[in-house]
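Structure data follow from target00.cif (mmCIF, C-alpha atoms):
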```
data_model
#
loop_
_atom_site.label_atom_id
_atom_site.label_comp_id
_atom_site.auth_asym_id
_atom_site.auth_seq_id
_atom_site.Cartn_x
_atom_site.Cartn_y
_atom_site.Cartn_z
CA VAL D 1 8.13 -87.70 -28.83
CA SER D 2 11.71 -88.26 -27.69
CA ALA D 3 11.60 -85.17 -25.51
CA ALA D 4 8.35 -86.23 -23.84
CA LEU D 5 9.76 -89.73 -23.27
CA SER D 6 13.00 -88.29 -21.88
CA CYS D 7 11.18 -86.31 -19.23
CA PRO D 8 11.37 -88.41 -16.04
CA ASP D 9 7.83 -87.32 -15.10
CA THR D 10 6.28 -88.99 -18.14
CA ALA D 11 4.17 -91.98 -17.04
CA TYR D 12 2.22 -92.57 -20.22
CA LEU D 13 2.33 -91.27 -23.78
CA VAL D 14 -0.62 -91.04 -26.15
CA VAL D 15 -0.03 -90.05 -29.77
CA VAL D 16 -3.05 -88.89 -31.76
CA ALA D 17 -2.72 -89.55 -35.50
CA PRO D 18 -4.94 -89.52 -38.61
CA ALA D 19 -6.63 -92.89 -39.24
CA ASP D 20 -4.65 -93.58 -42.41
CA GLN D 21 -1.33 -93.04 -40.64
CA LEU D 22 -2.10 -94.98 -37.49
CA ASP D 23 0.07 -98.03 -38.23
CA ALA D 24 3.07 -96.06 -39.48
CA THR D 25 2.86 -93.75 -36.47
CA ALA D 26 2.50 -96.66 -34.04
CA SER D 27 5.63 -98.39 -35.30
CA LEU D 28 7.68 -95.17 -35.13
CA VAL D 29 6.46 -94.33 -31.64
CA GLN D 30 6.97 -97.88 -30.32
CA ARG D 31 10.54 -97.85 -31.57
CA ALA D 32 11.23 -94.59 -29.69
CA ALA D 33 9.41 -95.67 -26.54
CA SER D 34 10.49 -99.26 -25.95
CA PRO D 35 14.08 -98.56 -24.78
CA ARG D 36 12.72 -96.05 -22.26
CA GLY D 37 10.05 -98.29 -20.76
CA VAL D 38 7.25 -95.73 -21.07
CA PRO D 39 3.91 -97.26 -22.15
CA VAL D 40 2.54 -95.65 -25.30
CA ASP D 41 -0.74 -95.68 -27.15
CA VAL D 42 -1.60 -94.41 -30.62
CA VAL D 43 -5.21 -93.38 -31.21
CA THR D 44 -7.18 -91.92 -34.10
CA GLY D 45 -7.84 -88.19 -34.05
CA GLY D 46 -11.17 -86.46 -34.67
CA ILE D 47 -12.33 -83.98 -37.27
CA GLU D 48 -11.80 -80.93 -35.09
CA ARG D 49 -8.69 -80.30 -33.06
CA GLY D 50 -10.75 -80.51 -29.85
CA ASP D 51 -12.01 -83.98 -30.78
CA SER D 52 -8.43 -85.14 -31.16
CA VAL D 53 -7.44 -83.77 -27.78
CA LEU D 54 -10.40 -85.49 -26.11
CA ALA D 55 -9.60 -88.77 -27.88
CA GLY D 56 -6.06 -88.49 -26.55
CA VAL D 57 -7.09 -87.69 -22.98
CA ARG D 58 -9.58 -90.58 -22.90
CA ALA D 59 -6.78 -93.00 -23.79
CA VAL D 60 -4.75 -91.91 -20.75
CA PRO D 61 -5.20 -94.53 -17.98
CA PRO D 62 -7.05 -93.61 -14.78
CA GLY D 63 -4.73 -92.40 -12.06
CA VAL D 64 -2.75 -90.10 -14.34
CA GLU D 65 -3.91 -86.75 -13.04
CA ILE D 66 -1.69 -84.33 -14.99
CA VAL D 67 -2.02 -84.27 -18.78
CA LEU D 68 0.29 -82.40 -21.13
CA VAL D 69 -0.90 -81.62 -24.67
CA HIS D 70 1.85 -81.16 -27.22
CA ASP D 71 1.89 -80.13 -30.87
CA ALA D 72 3.93 -82.40 -33.15
CA ALA D 73 4.89 -79.30 -35.17
CA ARG D 74 6.91 -78.16 -32.13
CA ALA D 75 9.24 -81.10 -32.50
CA PHE D 76 12.24 -79.52 -30.75
CA ALA D 77 10.67 -78.61 -27.42
CA PRO D 78 13.28 -79.80 -24.90
CA PRO D 79 12.53 -82.42 -22.17
CA GLU D 80 13.08 -79.79 -19.44
CA LEU D 81 10.11 -77.83 -20.75
CA PHE D 82 7.83 -80.85 -20.27
CA GLY D 83 9.17 -81.17 -16.73
CA GLU D 84 8.69 -77.49 -15.88
CA VAL D 85 5.12 -77.39 -17.17
CA ALA D 86 4.24 -80.59 -15.28
CA ALA D 87 5.84 -79.25 -12.09
CA ALA D 88 3.76 -76.08 -12.20
CA VAL D 89 0.55 -78.10 -12.59
CA ARG D 90 1.63 -80.34 -9.74
CA ALA D 91 2.16 -77.21 -7.64
CA GLY D 92 -1.57 -76.48 -7.96
CA HIS D 93 -2.12 -74.52 -11.16
CA PRO D 94 -5.07 -75.92 -13.14
CA ALA D 95 -3.53 -74.92 -16.48
CA VAL D 96 0.06 -74.03 -17.40
CA VAL D 97 1.40 -72.96 -20.79
CA PRO D 98 4.91 -71.97 -21.91
CA GLY D 99 5.30 -68.55 -23.51
CA GLU D 100 8.08 -66.44 -24.93
CA PRO D 101 8.37 -62.64 -25.11
CA VAL D 102 7.12 -61.21 -28.39
CA VAL D 103 9.73 -59.67 -30.74
CA ASP D 104 7.45 -57.67 -33.03
CA THR D 105 4.90 -55.07 -32.02
CA ILE D 106 1.48 -56.76 -32.19
CA LYS D 107 -1.59 -54.85 -33.36
CA ALA D 108 -5.22 -55.90 -33.58
CA VAL D 109 -6.96 -54.99 -36.85
CA ASP D 110 -10.55 -54.92 -38.10
CA ALA D 111 -11.81 -56.44 -41.36
CA ALA D 112 -10.65 -53.36 -43.30
CA GLY D 113 -7.10 -53.66 -41.96
CA LEU D 114 -7.42 -50.62 -39.71
CA VAL D 115 -5.75 -50.87 -36.31
CA THR D 116 -8.13 -51.29 -33.39
CA GLY D 117 -5.47 -51.53 -30.70
CA THR D 118 -1.82 -52.01 -29.84
CA PRO D 119 -1.49 -53.94 -26.57
CA ASP D 120 1.65 -53.25 -24.54
CA ARG D 121 4.22 -55.65 -25.99
CA ARG D 122 5.81 -56.25 -22.58
CA SER D 123 2.59 -57.93 -21.38
CA LEU D 124 2.34 -60.27 -24.36
CA ARG D 125 3.63 -63.82 -24.69
CA ALA D 126 3.81 -66.05 -27.76
CA ILE D 127 2.37 -69.31 -26.49
CA GLN D 128 3.95 -72.70 -27.16
CA THR D 129 3.33 -76.29 -26.20
CA PRO D 130 3.45 -78.59 -24.23
CA GLN D 131 0.49 -77.16 -22.32
CA GLY D 132 -0.23 -78.83 -18.98
CA PHE D 133 -3.57 -79.35 -17.24
CA GLN D 134 -5.17 -80.97 -14.27
CA ARG D 135 -6.91 -83.74 -16.13
CA PRO D 136 -10.53 -82.88 -15.17
CA VAL D 137 -9.92 -79.26 -16.17
CA LEU D 138 -8.81 -80.23 -19.67
CA VAL D 139 -11.76 -82.58 -20.13
CA ALA D 140 -14.24 -79.98 -18.86
CA ALA D 141 -12.72 -77.29 -21.08
CA HIS D 142 -13.20 -79.38 -24.21
CA GLU D 143 -16.62 -80.66 -23.24
CA HIS D 144 -17.86 -77.10 -22.69
CA GLY D 145 -15.85 -75.37 -25.37
CA SER D 146 -15.97 -75.71 -29.09
CA SER D 147 -13.38 -75.15 -31.79
CA ALA D 148 -10.37 -73.34 -30.41
CA THR D 149 -6.80 -73.36 -31.65
CA ASP D 150 -5.62 -73.24 -28.07
CA ASP D 151 -6.60 -75.53 -25.19
CA ALA D 152 -5.73 -72.94 -22.57
CA ALA D 153 -8.20 -70.45 -24.06
CA LEU D 154 -11.00 -72.95 -23.33
CA VAL D 155 -9.84 -73.10 -19.71
CA GLU D 156 -9.91 -69.30 -19.55
CA ARG D 157 -13.53 -69.39 -20.75
CA LEU D 158 -14.33 -71.62 -17.76
CA GLY D 159 -13.05 -68.77 -15.58
CA LEU D 160 -10.04 -70.72 -14.31
CA PRO D 161 -6.57 -69.17 -14.06
CA VAL D 162 -3.94 -70.04 -16.66
CA LEU D 163 -0.28 -69.60 -15.73
CA VAL D 164 2.36 -68.75 -18.33
CA VAL D 165 5.84 -70.13 -17.58
CA ALA D 166 9.01 -69.38 -19.56
CA GLY D 167 9.04 -71.01 -22.98
CA ARG D 168 12.03 -72.02 -25.09
CA PRO D 169 13.16 -70.75 -28.51
CA GLU D 170 13.57 -74.41 -29.59
CA ALA D 171 9.86 -75.01 -29.00
CA PHE D 172 9.04 -72.97 -32.14
CA LYS D 173 6.37 -74.30 -34.50
CA VAL D 174 7.67 -75.69 -37.80
CA THR D 175 5.43 -73.97 -40.35
CA THR D 176 7.50 -72.27 -43.08
CA SER D 177 10.38 -73.37 -45.31
CA GLU D 178 12.50 -71.03 -43.18
CA ASP D 179 11.51 -73.12 -40.14
CA LEU D 180 12.56 -76.28 -41.98
CA HIS D 181 16.06 -74.83 -42.44
CA ARG D 182 16.20 -74.21 -38.73
CA ALA D 183 14.91 -77.72 -38.02
CA GLU D 184 17.60 -79.22 -40.28
CA ARG D 185 20.28 -77.33 -38.37
CA LEU D 186 18.87 -78.59 -35.06
CA VAL D 187 18.78 -82.19 -36.31
CA ALA D 188 22.36 -81.84 -37.58
CA ALA D 189 23.33 -80.56 -34.12
CA GLY D 190 21.77 -83.66 -32.52
CA ALA D 191 18.49 -82.23 -31.23
CA GLY D 192 14.94 -83.50 -31.80
CA VAL K 1 19.50 -49.07 -47.36
CA SER K 2 19.80 -50.75 -50.75
CA ALA K 3 16.12 -51.68 -50.73
CA ALA K 4 15.04 -48.14 -49.86
CA LEU K 5 17.31 -46.76 -52.58
CA SER K 6 16.01 -49.29 -55.11
CA CYS K 7 12.43 -48.17 -54.60
CA PRO K 8 11.67 -45.73 -57.45
CA ASP K 9 9.57 -43.60 -55.07
CA THR K 10 12.53 -42.74 -52.88
CA ALA K 11 13.39 -39.05 -53.25
CA TYR K 12 15.64 -38.61 -50.26
CA LEU K 13 17.28 -40.91 -47.71
CA VAL K 14 18.20 -39.98 -44.15
CA VAL K 15 20.18 -42.43 -42.03
CA VAL K 16 20.20 -41.87 -38.27
CA ALA K 17 23.34 -43.19 -36.58
CA PRO K 18 25.08 -42.93 -33.20
CA ALA K 19 27.49 -39.98 -33.00
CA ASP K 20 30.59 -42.18 -32.81
CA GLN K 21 29.61 -44.09 -35.95
CA LEU K 22 28.59 -41.09 -38.05
CA ASP K 23 31.63 -41.05 -40.34
CA ALA K 24 31.73 -44.80 -40.92
CA THR K 25 27.99 -44.85 -41.63
CA ALA K 26 28.21 -41.89 -43.99
CA SER K 27 30.89 -43.49 -46.13
CA LEU K 28 28.95 -46.77 -46.35
CA VAL K 29 25.70 -45.04 -47.22
CA GLN K 30 27.33 -42.72 -49.78
CA ARG K 31 28.88 -45.69 -51.53
CA ALA K 32 25.46 -47.39 -51.81
CA ALA K 33 23.62 -44.23 -52.84
CA SER K 34 25.90 -42.55 -55.39
CA PRO K 35 25.28 -44.98 -58.30
CA ARG K 36 21.54 -44.53 -57.81
CA GLY K 37 21.50 -40.74 -57.71
CA VAL K 38 19.40 -40.51 -54.53
CA PRO K 39 20.55 -37.73 -52.20
CA VAL K 40 21.38 -39.01 -48.72
CA ASP K 41 22.06 -37.49 -45.34
CA VAL K 42 23.45 -39.07 -42.20
CA VAL K 43 22.46 -37.45 -38.89
CA THR K 44 23.11 -38.13 -35.21
CA GLY K 45 20.39 -39.93 -33.29
CA GLY K 46 18.98 -38.97 -29.89
CA ILE K 47 18.91 -40.71 -26.55
CA GLU K 48 15.38 -42.06 -27.00
CA ARG K 49 14.14 -43.73 -30.14
CA GLY K 50 11.62 -40.91 -30.64
CA ASP K 51 14.40 -38.31 -30.58
CA SER K 52 16.17 -40.22 -33.35
CA VAL K 53 13.04 -40.35 -35.49
CA LEU K 54 12.47 -36.62 -35.08
CA ALA K 55 16.12 -35.90 -35.93
CA GLY K 56 15.68 -37.94 -39.07
CA VAL K 57 12.43 -36.28 -40.14
CA ARG K 58 13.88 -32.81 -39.59
CA ALA K 59 16.69 -33.63 -42.00
CA VAL K 60 14.22 -34.43 -44.79
CA PRO K 61 13.99 -31.42 -47.15
CA PRO K 62 10.74 -29.42 -47.36
CA GLY K 63 8.46 -30.66 -50.10
CA VAL K 64 8.88 -34.33 -49.20
CA GLU K 65 5.43 -35.04 -47.81
CA ILE K 66 5.58 -38.80 -47.25
CA VAL K 67 8.11 -40.16 -44.78
CA LEU K 68 8.93 -43.83 -44.25
CA VAL K 69 10.64 -44.90 -41.02
CA HIS K 70 12.65 -48.10 -41.26
CA ASP K 71 14.52 -50.21 -38.73
CA ALA K 72 18.06 -51.16 -39.73
CA ALA K 73 17.52 -54.51 -37.95
CA ARG K 74 15.01 -55.35 -40.70
CA ALA K 75 17.76 -55.32 -43.30
CA PHE K 76 16.02 -57.63 -45.79
CA ALA K 77 12.75 -55.76 -46.29
CA PRO K 78 12.30 -55.82 -50.09
CA PRO K 79 12.07 -52.63 -52.23
CA GLU K 80 8.44 -53.49 -53.16
CA LEU K 81 7.44 -53.16 -49.52
CA PHE K 82 8.74 -49.58 -49.42
CA GLY K 83 6.74 -48.88 -52.58
CA GLU K 84 3.53 -50.43 -51.27
CA VAL K 85 3.66 -48.56 -47.96
CA ALA K 86 4.37 -45.26 -49.74
CA ALA K 87 1.53 -45.89 -52.21
CA ALA K 88 -0.99 -46.42 -49.40
CA VAL K 89 0.06 -43.16 -47.73
CA ARG K 90 -0.18 -41.38 -51.07
CA ALA K 91 -3.71 -42.79 -51.42
CA GLY K 92 -4.71 -40.81 -48.33
CA HIS K 93 -3.94 -42.90 -45.27
CA PRO K 94 -2.16 -40.83 -42.60
CA ALA K 95 -0.20 -43.85 -41.32
CA VAL K 96 0.53 -47.22 -42.92
CA VAL K 97 2.42 -50.17 -41.44
CA PRO K 98 3.22 -53.61 -42.83
CA GLY K 99 2.07 -56.59 -40.79
CA GLU K 100 2.16 -60.35 -41.03
CA PRO K 101 -0.27 -62.92 -39.60
CA VAL K 102 0.78 -64.25 -36.21
CA VAL K 103 1.88 -67.91 -36.03
CA ASP K 104 1.65 -68.47 -32.28
CA THR K 105 -1.33 -67.88 -30.05
CA ILE K 106 -0.72 -64.59 -28.23
CA LYS K 107 -1.80 -64.10 -24.63
CA ALA K 108 -1.64 -61.07 -22.38
CA VAL K 109 -0.32 -61.74 -18.87
CA ASP K 110 -0.19 -59.82 -15.60
CA ALA K 111 2.88 -59.33 -13.41
CA ALA K 112 2.35 -62.77 -11.83
CA GLY K 113 2.30 -64.50 -15.22
CA LEU K 114 -1.42 -65.21 -15.10
CA VAL K 115 -3.29 -64.84 -18.38
CA THR K 116 -5.52 -61.77 -18.59
CA GLY K 117 -6.72 -62.37 -22.14
CA THR K 118 -6.29 -64.25 -25.41
CA PRO K 119 -7.16 -61.98 -28.35
CA ASP K 120 -8.45 -63.75 -31.47
CA ARG K 121 -5.29 -64.64 -33.38
CA ARG K 122 -6.94 -63.98 -36.75
CA SER K 123 -7.26 -60.30 -35.87
CA LEU K 124 -3.60 -59.90 -34.88
CA ARG K 125 -0.68 -58.78 -37.02
CA ALA K 126 3.03 -58.81 -36.23
CA ILE K 127 4.11 -55.33 -37.28
CA GLN K 128 7.22 -54.64 -39.35
CA THR K 129 8.89 -51.63 -40.93
CA PRO K 130 9.11 -49.53 -43.11
CA GLN K 131 6.21 -47.61 -41.58
CA GLY K 132 4.87 -44.75 -43.71
CA PHE K 133 3.38 -41.45 -42.61
CA GLN K 134 2.09 -38.16 -43.88
CA ARG K 135 4.96 -36.04 -42.69
CA PRO K 136 2.99 -33.70 -40.38
CA VAL K 137 1.34 -36.71 -38.75
CA LEU K 138 4.67 -38.30 -37.86
CA VAL K 139 6.03 -35.04 -36.46
CA ALA K 140 2.86 -34.40 -34.42
CA ALA K 141 2.88 -37.97 -33.12
CA HIS K 142 6.41 -37.65 -31.77
CA GLU K 143 5.98 -34.13 -30.47
CA HIS K 144 2.92 -35.20 -28.47
CA GLY K 145 3.98 -38.71 -27.61
CA SER K 146 6.80 -39.94 -25.47
CA SER K 147 8.80 -43.14 -25.47
CA ALA K 148 7.18 -45.73 -27.69
CA THR K 149 8.76 -48.66 -29.47
CA ASP K 150 6.38 -48.09 -32.34
CA ASP K 151 5.75 -44.87 -34.28
CA ALA K 152 2.29 -45.98 -35.38
CA ALA K 153 1.14 -46.40 -31.77
CA LEU K 154 1.81 -42.69 -31.24
CA VAL K 155 -0.39 -41.90 -34.25
CA GLU K 156 -3.13 -44.09 -32.77
CA ARG K 157 -2.93 -42.04 -29.56
CA LEU K 158 -3.65 -38.94 -31.65
CA GLY K 159 -6.90 -40.65 -32.68
CA LEU K 160 -5.86 -41.04 -36.33
CA PRO K 161 -6.43 -44.26 -38.28
CA VAL K 162 -3.50 -46.60 -38.95
CA LEU K 163 -3.74 -49.01 -41.89
CA VAL K 164 -1.99 -52.38 -41.88
CA VAL K 165 -0.88 -53.63 -45.30
CA ALA K 166 0.60 -57.06 -46.05
CA GLY K 167 4.12 -57.46 -44.72
CA ARG K 168 6.87 -59.74 -45.96
CA PRO K 169 8.61 -62.67 -44.25
CA GLU K 170 11.96 -61.17 -45.36
CA ALA K 171 11.22 -58.01 -43.35
CA PHE K 172 11.88 -59.94 -40.11
CA LYS K 173 13.91 -58.28 -37.36
CA VAL K 174 17.41 -59.66 -36.91
CA THR K 175 17.59 -60.19 -33.14
CA THR K 176 18.74 -63.72 -32.29
CA SER K 177 21.60 -65.93 -33.44
CA GLU K 178 18.92 -67.92 -35.27
CA ASP K 179 18.05 -64.76 -37.19
CA LEU K 180 21.71 -64.32 -38.11
CA HIS K 181 21.73 -67.79 -39.69
CA ARG K 182 18.73 -66.78 -41.73
CA ALA K 183 20.40 -63.47 -42.66
CA GLU K 184 23.53 -65.30 -43.81
CA ARG K 185 21.44 -67.51 -46.07
CA LEU K 186 19.70 -64.48 -47.54
CA VAL K 187 23.03 -62.72 -48.18
CA ALA K 188 24.38 -65.89 -49.81
CA ALA K 189 21.27 -65.94 -52.01
CA GLY K 190 21.97 -62.38 -53.12
CA ALA K 191 19.46 -60.47 -50.98
CA GLY K 192 20.03 -57.53 -48.66
#
```
Would you kindly transcribe this structure into structure tokens?
Amino acid sequence: VSAALSCPDTAYLVVVAPADQLDATASLVQRAASPRGVPVDVVTGGIERGDSVLAGVRAVPPGVEIVLVHDAARAFAPPELFGEVAAAVRAGHPAVVPGEPVVDTIKAVDAAGLVTGTPDRRSLRAIQTPQGFQRPVLVAAHEHGSSATDDAALVERLGLPVLVVAGRPEAFKVTTSEDLHRAERLVAAGAG
Amino acid sequence: VSAALSCPDTAYLVVVAPADQLDATASLVQRAASPRGVPVDVVTGGIERGDSVLAGVRAVPPGVEIVLVHDAARAFAPPELFGEVAAAVRAGHPAVVPGEPVVDTIKAVDAAGLVTGTPDRRSLRAIQTPQGFQRPVLVAAHEHGSSATDDAALVERLGLPVLVVAGRPEAFKVTTSEDLHRAERLVAAGAG
């Protein structure tokens, strides 16, 4: 939240939270936002991830034409990354996502665990958030698409181009206890 | 090296090292191996990764029919993983690699950074080492194939099946300073 608020391009911030955590989230977010003068809104999420994204987009006031969708689990994404993604959308790309080179070889497997393909690692990117969209593109993607773990994939299904810009190691997703160690070190170093 | 030596299936260990580090490597490896009674050999690597693998396989004595290829950068792969990979090869699979589920969405991009595809994340695995092979399969793969970052991909090009078994978080590749932090914690905890 701090990173999004610190990005000078940010005109409005919507946080989507579970219904039972709405008040707690609102007070936390207000405290972070008020010194920066960015208006914020906290809305209830839906059952599916796509419902939550749509709820968030609908709370963005008319006139805001570029929407960035960010995952709270990527709490250390730096403000510059928000700016770079927004700039690429502003330059005319309907959908822009940050991505990092992949360290491990990636293989596709079938249900029996047998390899069905090994795509060239140099062409692969591990995708992060914030992901940026021309607002109507994001809305159309979710209205046409169904459950996807990735907003950009819904845009691809519409046949629109998705641009990958350089990601950041700090924009990793906090999922394992190992990630928590890393997060603690980043907090101790003043990030987040 | 300790993990490979600790696996009760290990009959012979070959370490491939750069020519100018042969003596230093040999003394380190001998010190680790002698209490365990596993014969070891240290040989000079080649210019390409494939040359190094072939040099290593050629140093394995006749009669050893299952060969595991391991990356020194994955220094914390546990002994059980060596055993599980070897067991799957012994069960009849020509090539067996460990793999972990992928955390991030993976996209393929073209030279301009535009997305060309988003494979279903549930079917993807991030591949680790040790990778296990029926010895003739590994030799044939490298004799027919050229530069690949992944031995198993060469086996796939031969048209042979490659099985992915469950990997281990500890078998991560030490590449970034972040990984070194993690490695230090593992060493402090008695691993490696």
Fill in the blank from the handout: Using only C-alpha atoms, the residue out of D:Asp41, D:Thr105, D:Gln131, D:Leu138 with shortest distance to D:Pro119 is D:Thr105
Interface list for chain K, partner chain D, 6 Å threshold, all atoms listed in the file, as an mmCIF file with C-alpha atoms, in the frame of the given file:
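Final file, selection_32.cif:
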```cif
data_model
loop_
_atom_site.group_PDB
_atom_site.id
_atom_site.type_symbol
_atom_site.label_atom_id
_atom_site.label_comp_id
_atom_site.auth_asym_id
_atom_site.auth_seq_id
_atom_site.Cartn_x
_atom_site.Cartn_y
_atom_site.Cartn_z
ATOM 1 C CA ASP K 104 1.650 -68.470 -32.280
ATOM 2 C CA THR K 105 -1.330 -67.880 -30.050
ATOM 3 C CA ILE K 106 -0.720 -64.590 -28.230
ATOM 4 C CA LYS K 107 -1.800 -64.100 -24.630
ATOM 5 C CA ALA K 108 -1.640 -61.070 -22.380
ATOM 6 C CA VAL K 109 -0.320 -61.740 -18.870
ATOM 7 C CA GLY K 113 2.300 -64.500 -15.220
ATOM 8 C CA LEU K 114 -1.420 -65.210 -15.100
ATOM 9 C CA VAL K 115 -3.290 -64.840 -18.380
ATOM 10 C CA SER K 123 -7.260 -60.300 -35.870
ATOM 11 C CA LEU K 124 -3.600 -59.900 -34.880
ATOM 12 C CA ARG K 125 -0.680 -58.780 -37.020
ATOM 13 C CA ALA K 126 3.030 -58.810 -36.230
ATOM 14 C CA ILE K 127 4.110 -55.330 -37.280
ATOM 15 C CA VAL K 162 -3.500 -46.600 -38.950
ATOM 16 C CA LEU K 163 -3.740 -49.010 -41.890
ATOM 17 C CA VAL K 164 -1.990 -52.380 -41.880
#
```
Handout entry: Explicit residue set for the PyMOL selection byres ((chain K and resi 83-87) around 10), as a PyMOL selection string
Key = chain K and resi 3-4+6-10+66-68+78-82+88-93+95-98+129-134+163-167
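For the atom pair formed by atom CA of D:Gly56 and atom CA of D:Leu13, the distance is 9.3 Å, given to one decimal.
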Practice task
Fewer than 5 positions away in the same chain doesn't count, so skip those; otherwise give me all residues within 10 Å of D:Glu170, counting all atoms listed in the file, as a VMD selection string.
Solution key: chain D and resid 74 to 78 182 to 183 186 191 to 192
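What separates atom CA of D:Thr25 from atom CA of D:Gly145 is a distance of 28.5 Å.
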Could you write out as JSON the box around stretch 108-123 of chain D (axis-aligned, all atoms listed in the file, 4 Å on each side), with centre and edge lengths in Å to one decimal?
```
{"center_x": -3.0, "center_y": -54.3, "center_z": -32.3, "size_x": 25.6, "size_y": 15.3, "size_z": 29.9}
```
Practice task
Would you translate the PyMOL selection byres ((chain K and resi 28) around 12) into the concrete set of residues it matches in this file, as JSON, numbers by chain?
Solution key: {"K": [1, 2, 15, 17, 21, 22, 23, 24, 25, 26, 27, 29, 30, 31, 32, 33, 34, 40, 41, 42]}
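Here atom CA of D:Pro61 stands at a distance of 18.5 Å from atom CA of D:Arg36.
Minimum atom-to-atom distance to D:Leu154, evaluated using all atoms listed in the file, belongs to D:Gly50 out of D:Ala19, D:Thr44, D:Gly50, D:Gly37.
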